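Okay, start37.tsv is below, TSV, C-alpha atoms:
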```tsv
chain	number	residue	atom	x	y	z
A	1	MET	CA	2.39	-184.01	-157.18
A	2	ARG	CA	3.09	-180.53	-155.89
A	3	GLU	CA	0.45	-179.10	-158.20
A	4	LYS	CA	-2.06	-181.63	-156.86
A	5	ASP	CA	-1.21	-180.77	-153.27
A	6	HIS	CA	-1.52	-177.06	-154.06
A	7	GLY	CA	-4.96	-177.62	-155.58
A	8	THR	CA	-6.12	-179.53	-152.52
A	9	LYS	CA	-4.89	-176.76	-150.27
A	10	GLY	CA	-6.72	-174.16	-152.41
A	11	SER	CA	-9.93	-176.14	-152.24
A	12	GLY	CA	-9.67	-176.25	-148.48
A	13	GLN	CA	-9.16	-172.51	-148.30
A	14	ARG	CA	-12.18	-171.94	-150.51
A	15	ARG	CA	-14.28	-174.25	-148.35
A	16	GLY	CA	-13.07	-172.37	-145.28
A	17	ARG	CA	-13.98	-169.00	-146.78
A	18	GLY	CA	-17.34	-170.42	-147.84
A	19	ALA	CA	-18.04	-171.59	-144.30
A	20	VAL	CA	-17.12	-168.17	-142.89
A	21	LEU	CA	-19.34	-166.44	-145.45
A	22	PHE	CA	-22.22	-168.80	-144.69
A	23	PHE	CA	-21.83	-168.16	-140.96
A	24	PHE	CA	-21.74	-164.40	-141.59
A	25	LEU	CA	-24.94	-164.58	-143.63
A	26	LEU	CA	-26.62	-166.48	-140.82
A	27	LEU	CA	-25.59	-163.78	-138.36
A	28	LEU	CA	-26.79	-161.08	-140.74
A	29	GLN	CA	-30.14	-162.81	-141.17
A	30	ALA	CA	-30.49	-163.14	-137.41
A	31	SER	CA	-29.71	-159.45	-136.89
A	32	VAL	CA	-32.27	-158.47	-139.52
A	33	LEU	CA	-34.91	-160.64	-137.85
A	34	GLN	CA	-34.06	-159.09	-134.50
A	35	ALA	CA	-34.31	-155.57	-135.97
A	36	GLU	CA	-37.72	-156.41	-137.41
A	37	LEU	CA	-38.90	-157.54	-133.99
A	38	VAL	CA	-37.51	-154.46	-132.23
A	39	ASP	CA	-38.60	-151.96	-134.88
A	40	ARG	CA	-41.50	-153.52	-136.72
A	41	ILE	CA	-43.75	-151.75	-139.19
A	42	VAL	CA	-46.99	-150.53	-137.61
A	43	ALA	CA	-48.45	-148.78	-140.65
A	44	ALA	CA	-47.78	-148.02	-144.30
A	45	VAL	CA	-48.95	-144.88	-146.10
A	46	ASN	CA	-48.66	-145.39	-149.84
A	47	SER	CA	-44.99	-146.34	-150.28
A	48	GLU	CA	-43.77	-145.07	-146.89
A	49	VAL	CA	-43.77	-146.97	-143.59
A	50	ILE	CA	-44.23	-145.91	-139.98
A	51	THR	CA	-42.19	-147.96	-137.52
A	52	TRP	CA	-42.79	-148.96	-133.93
A	53	SER	CA	-39.86	-146.82	-132.74
A	54	GLU	CA	-41.19	-143.78	-134.60
A	55	LEU	CA	-44.56	-144.29	-132.92
A	56	GLN	CA	-42.97	-144.63	-129.47
A	57	HIS	CA	-40.90	-141.49	-129.99
A	58	ALA	CA	-44.04	-139.55	-130.89
A	59	VAL	CA	-45.99	-141.01	-127.95
A	60	GLY	CA	-43.25	-140.05	-125.48
A	61	PHE	CA	-42.83	-136.59	-126.99
A	62	ASN	CA	-46.56	-135.86	-126.94
A	63	ALA	CA	-46.94	-137.18	-123.39
A	64	ALA	CA	-44.13	-134.91	-122.20
A	65	PHE	CA	-45.59	-131.72	-123.65
A	66	ALA	CA	-49.32	-132.28	-124.21
A	67	GLY	CA	-50.20	-133.51	-120.70
A	68	GLY	CA	-53.44	-135.24	-119.80
A	69	ALA	CA	-53.95	-138.75	-118.52
A	70	ARG	CA	-54.97	-141.35	-121.08
A	71	SER	CA	-54.46	-145.08	-121.27
A	72	GLY	CA	-51.48	-146.42	-123.20
A	73	LYS	CA	-53.68	-148.09	-125.81
A	74	ASN	CA	-55.63	-144.90	-126.50
A	75	ILE	CA	-52.63	-142.62	-126.76
A	76	GLN	CA	-50.83	-145.08	-129.05
A	77	ALA	CA	-53.83	-145.37	-131.37
A	78	GLU	CA	-54.39	-141.60	-131.41
A	79	THR	CA	-50.71	-140.90	-132.01
A	80	LEU	CA	-50.56	-143.43	-134.83
A	81	GLY	CA	-53.56	-141.74	-136.43
A	82	GLY	CA	-51.74	-138.43	-136.17
A	83	LEU	CA	-48.60	-139.90	-137.74
A	84	ILE	CA	-50.64	-141.27	-140.64
A	85	ASN	CA	-52.25	-137.86	-141.19
A	86	ARG	CA	-48.85	-136.20	-141.02
A	87	ARG	CA	-47.38	-138.60	-143.56
A	88	LEU	CA	-50.25	-137.93	-145.95
A	89	LEU	CA	-49.76	-134.18	-145.65
A	90	ILE	CA	-45.99	-134.45	-146.07
A	91	GLN	CA	-46.44	-136.47	-149.24
A	92	GLU	CA	-48.82	-133.82	-150.59
A	93	ALA	CA	-46.50	-130.99	-149.58
A	94	ARG	CA	-43.67	-132.61	-151.52
A	95	ARG	CA	-45.86	-133.43	-154.49
A	96	LEU	CA	-47.36	-129.95	-154.79
A	97	LYS	CA	-44.20	-128.12	-153.64
A	98	PHE	CA	-46.34	-125.70	-151.64
A	99	ALA	CA	-44.00	-125.50	-148.66
A	100	ASP	CA	-40.38	-126.12	-147.79
A	101	VAL	CA	-38.24	-126.38	-144.66
A	102	THR	CA	-34.51	-125.66	-144.53
A	103	ALA	CA	-31.83	-127.04	-142.23
A	104	GLN	CA	-31.70	-123.62	-140.58
A	105	ASP	CA	-35.45	-123.76	-139.92
A	106	ILE	CA	-35.06	-127.13	-138.24
A	107	SER	CA	-32.11	-125.95	-136.14
A	108	ALA	CA	-34.24	-123.05	-134.94
A	109	GLU	CA	-36.96	-125.49	-133.89
A	110	VAL	CA	-34.43	-127.63	-132.01
A	111	ASP	CA	-33.07	-124.53	-130.23
A	112	LYS	CA	-36.61	-123.44	-129.34
A	113	LEU	CA	-37.32	-126.85	-127.83
A	114	GLY	CA	-33.99	-126.90	-125.99
A	115	LYS	CA	-34.85	-123.63	-124.23
A	116	ARG	CA	-37.73	-125.38	-122.48
A	117	PHE	CA	-35.16	-127.31	-120.42
A	118	ASP	CA	-32.99	-126.00	-117.58
A	119	SER	CA	-29.78	-127.15	-119.19
A	120	GLU	CA	-28.30	-128.87	-122.21
A	121	LYS	CA	-27.72	-131.91	-120.00
A	122	ALA	CA	-31.43	-132.02	-119.11
A	123	PHE	CA	-32.32	-131.75	-122.80
A	124	SER	CA	-29.95	-134.59	-123.67
A	125	GLY	CA	-31.41	-136.64	-120.82
A	126	PHE	CA	-34.90	-136.07	-122.19
A	127	LEU	CA	-33.87	-137.40	-125.61
A	128	ALA	CA	-32.08	-140.34	-124.02
A	129	GLY	CA	-35.21	-141.16	-122.04
A	130	LEU	CA	-37.16	-141.33	-125.27
A	131	GLY	CA	-34.46	-143.39	-126.95
A	132	MET	CA	-34.28	-140.68	-129.60
A	133	THR	CA	-31.19	-139.35	-131.34
A	134	GLU	CA	-30.80	-135.71	-132.30
A	135	GLU	CA	-31.07	-136.73	-135.95
A	136	GLN	CA	-34.43	-138.38	-135.27
A	137	LEU	CA	-35.57	-135.31	-133.34
A	138	ARG	CA	-34.59	-133.05	-136.23
A	139	ARG	CA	-36.56	-135.20	-138.63
A	140	MET	CA	-39.65	-135.14	-136.42
A	141	LEU	CA	-39.53	-131.38	-135.85
A	142	GLY	CA	-38.83	-130.75	-139.53
A	143	GLU	CA	-41.84	-132.81	-140.56
A	144	ARG	CA	-44.09	-131.02	-138.07
A	145	LEU	CA	-42.94	-127.63	-139.33
A	146	LEU	CA	-43.42	-128.66	-142.94
A	147	VAL	CA	-46.99	-129.80	-142.19
A	148	GLU	CA	-47.77	-126.53	-140.40
A	149	ARG	CA	-46.57	-124.47	-143.35
A	150	PHE	CA	-48.36	-126.65	-145.86
A	151	ILE	CA	-51.66	-126.41	-143.98
A	152	GLU	CA	-51.33	-122.64	-143.77
A	153	LYS	CA	-50.64	-122.26	-147.49
A	154	LYS	CA	-53.03	-124.93	-148.72
A	155	ILE	CA	-55.97	-124.24	-146.41
A	156	GLY	CA	-55.29	-121.40	-143.98
A	157	LEU	CA	-54.93	-118.68	-146.60
A	158	PHE	CA	-58.46	-119.37	-147.82
A	159	VAL	CA	-60.17	-119.40	-144.42
A	160	ARG	CA	-62.05	-116.17	-143.83
A	161	VAL	CA	-64.36	-115.00	-141.03
A	162	SER	CA	-66.70	-112.14	-141.85
A	163	ARG	CA	-67.61	-109.42	-139.40
A	164	GLY	CA	-71.18	-110.71	-139.48
A	165	GLU	CA	-70.06	-114.18	-138.40
A	166	ALA	CA	-68.07	-112.72	-135.53
A	167	GLN	CA	-70.99	-110.52	-134.48
A	168	LYS	CA	-73.33	-113.51	-134.51
A	169	TYR	CA	-70.99	-115.49	-132.27
A	170	TYR	CA	-70.72	-112.51	-129.91
A	171	ASP	CA	-74.50	-112.19	-129.68
A	172	GLU	CA	-75.01	-115.93	-129.08
A	173	HIS	CA	-72.33	-116.26	-126.36
A	174	PRO	CA	-72.75	-113.21	-124.10
A	175	GLY	CA	-71.47	-115.03	-121.02
A	176	GLU	CA	-68.00	-115.50	-122.53
A	177	PHE	CA	-67.11	-111.82	-122.76
A	178	GLN	CA	-67.85	-110.37	-119.32
A	179	SER	CA	-69.73	-107.32	-120.60
A	180	LYS	CA	-66.96	-106.39	-123.06
A	181	ARG	CA	-68.01	-104.57	-126.20
A	182	PHE	CA	-67.88	-106.34	-129.55
A	183	GLN	CA	-65.08	-104.07	-130.79
A	184	GLU	CA	-62.89	-105.22	-127.89
A	185	VAL	CA	-63.25	-108.91	-128.66
A	186	HIS	CA	-63.73	-108.86	-132.43
A	187	LYS	CA	-60.19	-110.06	-133.22
A	188	ALA	CA	-60.26	-112.78	-130.56
A	189	ILE	CA	-63.58	-114.11	-131.84
A	190	SER	CA	-62.33	-114.08	-135.43
A	191	ALA	CA	-59.26	-116.07	-134.38
A	192	VAL	CA	-61.40	-118.71	-132.67
A	193	LEU	CA	-63.77	-119.03	-135.61
A	194	SER	CA	-60.86	-119.15	-138.06
A	195	GLU	CA	-59.33	-122.04	-136.11
A	196	GLN	CA	-62.65	-123.88	-136.14
A	197	LYS	CA	-63.03	-123.40	-139.89
A	198	LEU	CA	-59.46	-124.50	-140.47
A	199	ASP	CA	-60.01	-127.68	-138.46
A	200	ARG	CA	-63.15	-128.54	-140.45
A	201	GLN	CA	-61.44	-127.91	-143.77
A	202	LEU	CA	-58.43	-129.97	-142.68
A	203	VAL	CA	-60.62	-132.92	-141.70
A	204	LYS	CA	-62.33	-132.74	-145.08
A	205	TYR	CA	-59.01	-132.50	-146.94
A	206	LEU	CA	-57.53	-135.43	-145.04
A	207	GLY	CA	-60.63	-137.46	-145.87
A	208	GLU	CA	-60.05	-136.79	-149.55
A	209	LEU	CA	-56.39	-137.80	-149.26
A	210	LYS	CA	-57.26	-141.03	-147.47
A	211	ASN	CA	-59.83	-141.97	-150.09
A	212	ARG	CA	-57.19	-141.94	-152.79
A	213	SER	CA	-54.33	-143.40	-150.74
A	214	ASP	CA	-53.21	-146.90	-149.82
A	215	ILE	CA	-53.12	-147.01	-146.00
A	216	ARG	CA	-52.44	-150.20	-144.09
A	217	VAL	CA	-52.33	-150.49	-140.30
A	218	ASN	CA	-50.99	-153.46	-138.37
A	219	PRO	CA	-52.23	-154.42	-134.89
A	220	LEU	CA	-50.26	-152.55	-132.23
A	221	GLY	CA	-50.16	-155.49	-129.85
A	222	GLY	CA	-49.05	-155.12	-126.27
```

Just give me the structure as structure tokens.
Amino acid sequence: MREKDHGTKGSGQRRGRGAVLFFFLLLLQASVLQAELVDRIVAAVNSEVITWSELQHAVGFNAAFAGGARSGKNIQAETLGGLINRRLLIQEARRLKFADVTAQDISAEVDKLGKRFDSEKAFSGFLAGLGMTEEQLRRMLGERLLVERFIEKKIGLFVRVSRGEAQKYYDEHPGEFQSKRFQEVHKAISAVLSEQKLDRQLVKYLGELKNRSDIRVNPLGG
């Protein structure tokens, strides 16, 4: 009889543990669903996703430092396009191993950004306003730096502006130089033309990457 009573008691304990586990799983499922609603996927680039929170961090960051008045819809769409381009370039940088960024490099970028604020408290308040942690900031700045270095090594090193091209620009835009001689503005003109060439080559390169990539974008909603 005692053995029977013991077995009944054990069955009850198991049922109790099962009920607790079932309740825990329900809570876990609910929290996952809530997380998906709060931080949903807005785009996927090959096997990597871009989340709503990542987009909002980038929107807030760009708005704080880029300036200019644009509607929320436009800036979100433009920022998402930029994040997609950045993800493509990061994937290529890692695949080709053309560029690298160290923890020290990222710390230097964080310090450089921090100096734009009056105090450490103001800097922390800025991050809090964006809902961004320092770890998320480090990731964003590290990715931006990696992309810059990759573009320079992959495209920038091969962009050249001849003296003839600079002279032609000088001759065709006399009003820009306020009677300065060509020798005085040669380097400045070359820099402008180099930037223009780099932009065109980058657009072409990104087009090639997109043609061979799997990119999916979800509606941004409200």

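Taking CA of Lys112 (chain A) as the reference point, CA of Met132 (chain A) is found at 17.4 Å.
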
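For Ile215 (chain A), the set of protein, DNA and RNA residues having any atom at most 10 Å away, when counting all atoms listed in the file and skipping those fewer than 6 positions along the same chain, is A:Ala43, A:Ala44, A:Val45, A:Asn46, A:Ser47, A:Glu48, A:Val49, A:Ile84, A:Leu88.
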
Using only C-alpha atoms, determine which residues lie at most 10 Å from Ile155 (chain A), disregarding the query and same-chain residues fewer than 6 positions distant; provide the list as an mmCIF file with C-alpha atoms, in the coordinates of the input.
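The result, stored in selection23.cif:
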```
data_model
loop_
_atom_site.group_PDB
_atom_site.id
_atom_site.type_symbol
_atom_site.label_atom_id
_atom_site.label_comp_id
_atom_site.auth_asym_id
_atom_site.auth_seq_id
_atom_site.Cartn_x
_atom_site.Cartn_y
_atom_site.Cartn_z
ATOM 1 C CA ARG A 149 -46.570 -124.470 -143.350
ATOM 2 C CA LYS A 197 -63.030 -123.400 -139.890
ATOM 3 C CA LEU A 198 -59.460 -124.500 -140.470
ATOM 4 C CA ASP A 199 -60.010 -127.680 -138.460
ATOM 5 C CA GLN A 201 -61.440 -127.910 -143.770
ATOM 6 C CA LEU A 202 -58.430 -129.970 -142.680
ATOM 7 C CA TYR A 205 -59.010 -132.500 -146.940
#
```

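With all atoms listed in the file as the atoms that count, the minimum distance from Leu145 (chain A) to the choices A:Ala64, A:Leu130, A:Ala99, A:Leu209 is reached by A:Ala99.
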
Exercise for the section: For CA of Val217 (chain A) and CA of Val42 (chain A), determine how far apart the two atoms are, in Å to one decimal place. Expected result: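 Spanning CA of Val217 (chain A) to CA of Val42 (chain A) is a straight-line distance of 6.0 Å.
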
Practice task
Could you pull out every residue with an atom within 10 Å of (-42.6, -143.5, -132.4), file coordinates, counting all atoms listed in the file, and send them as an NGL selection string?
Solution key: :A and (39 or 42 or 50-61 or 76 or 79-80 or 83 or 130-132 or 140)

Problem - Closest of A:Gln91, A:Arg138, A:Pro219, A:Gln167 to Asp111 (chain A) - atom-to-atom distances counting all atoms listed in the file - result: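 The answer is A:Arg138, which sits nearest to Asp111 (chain A).
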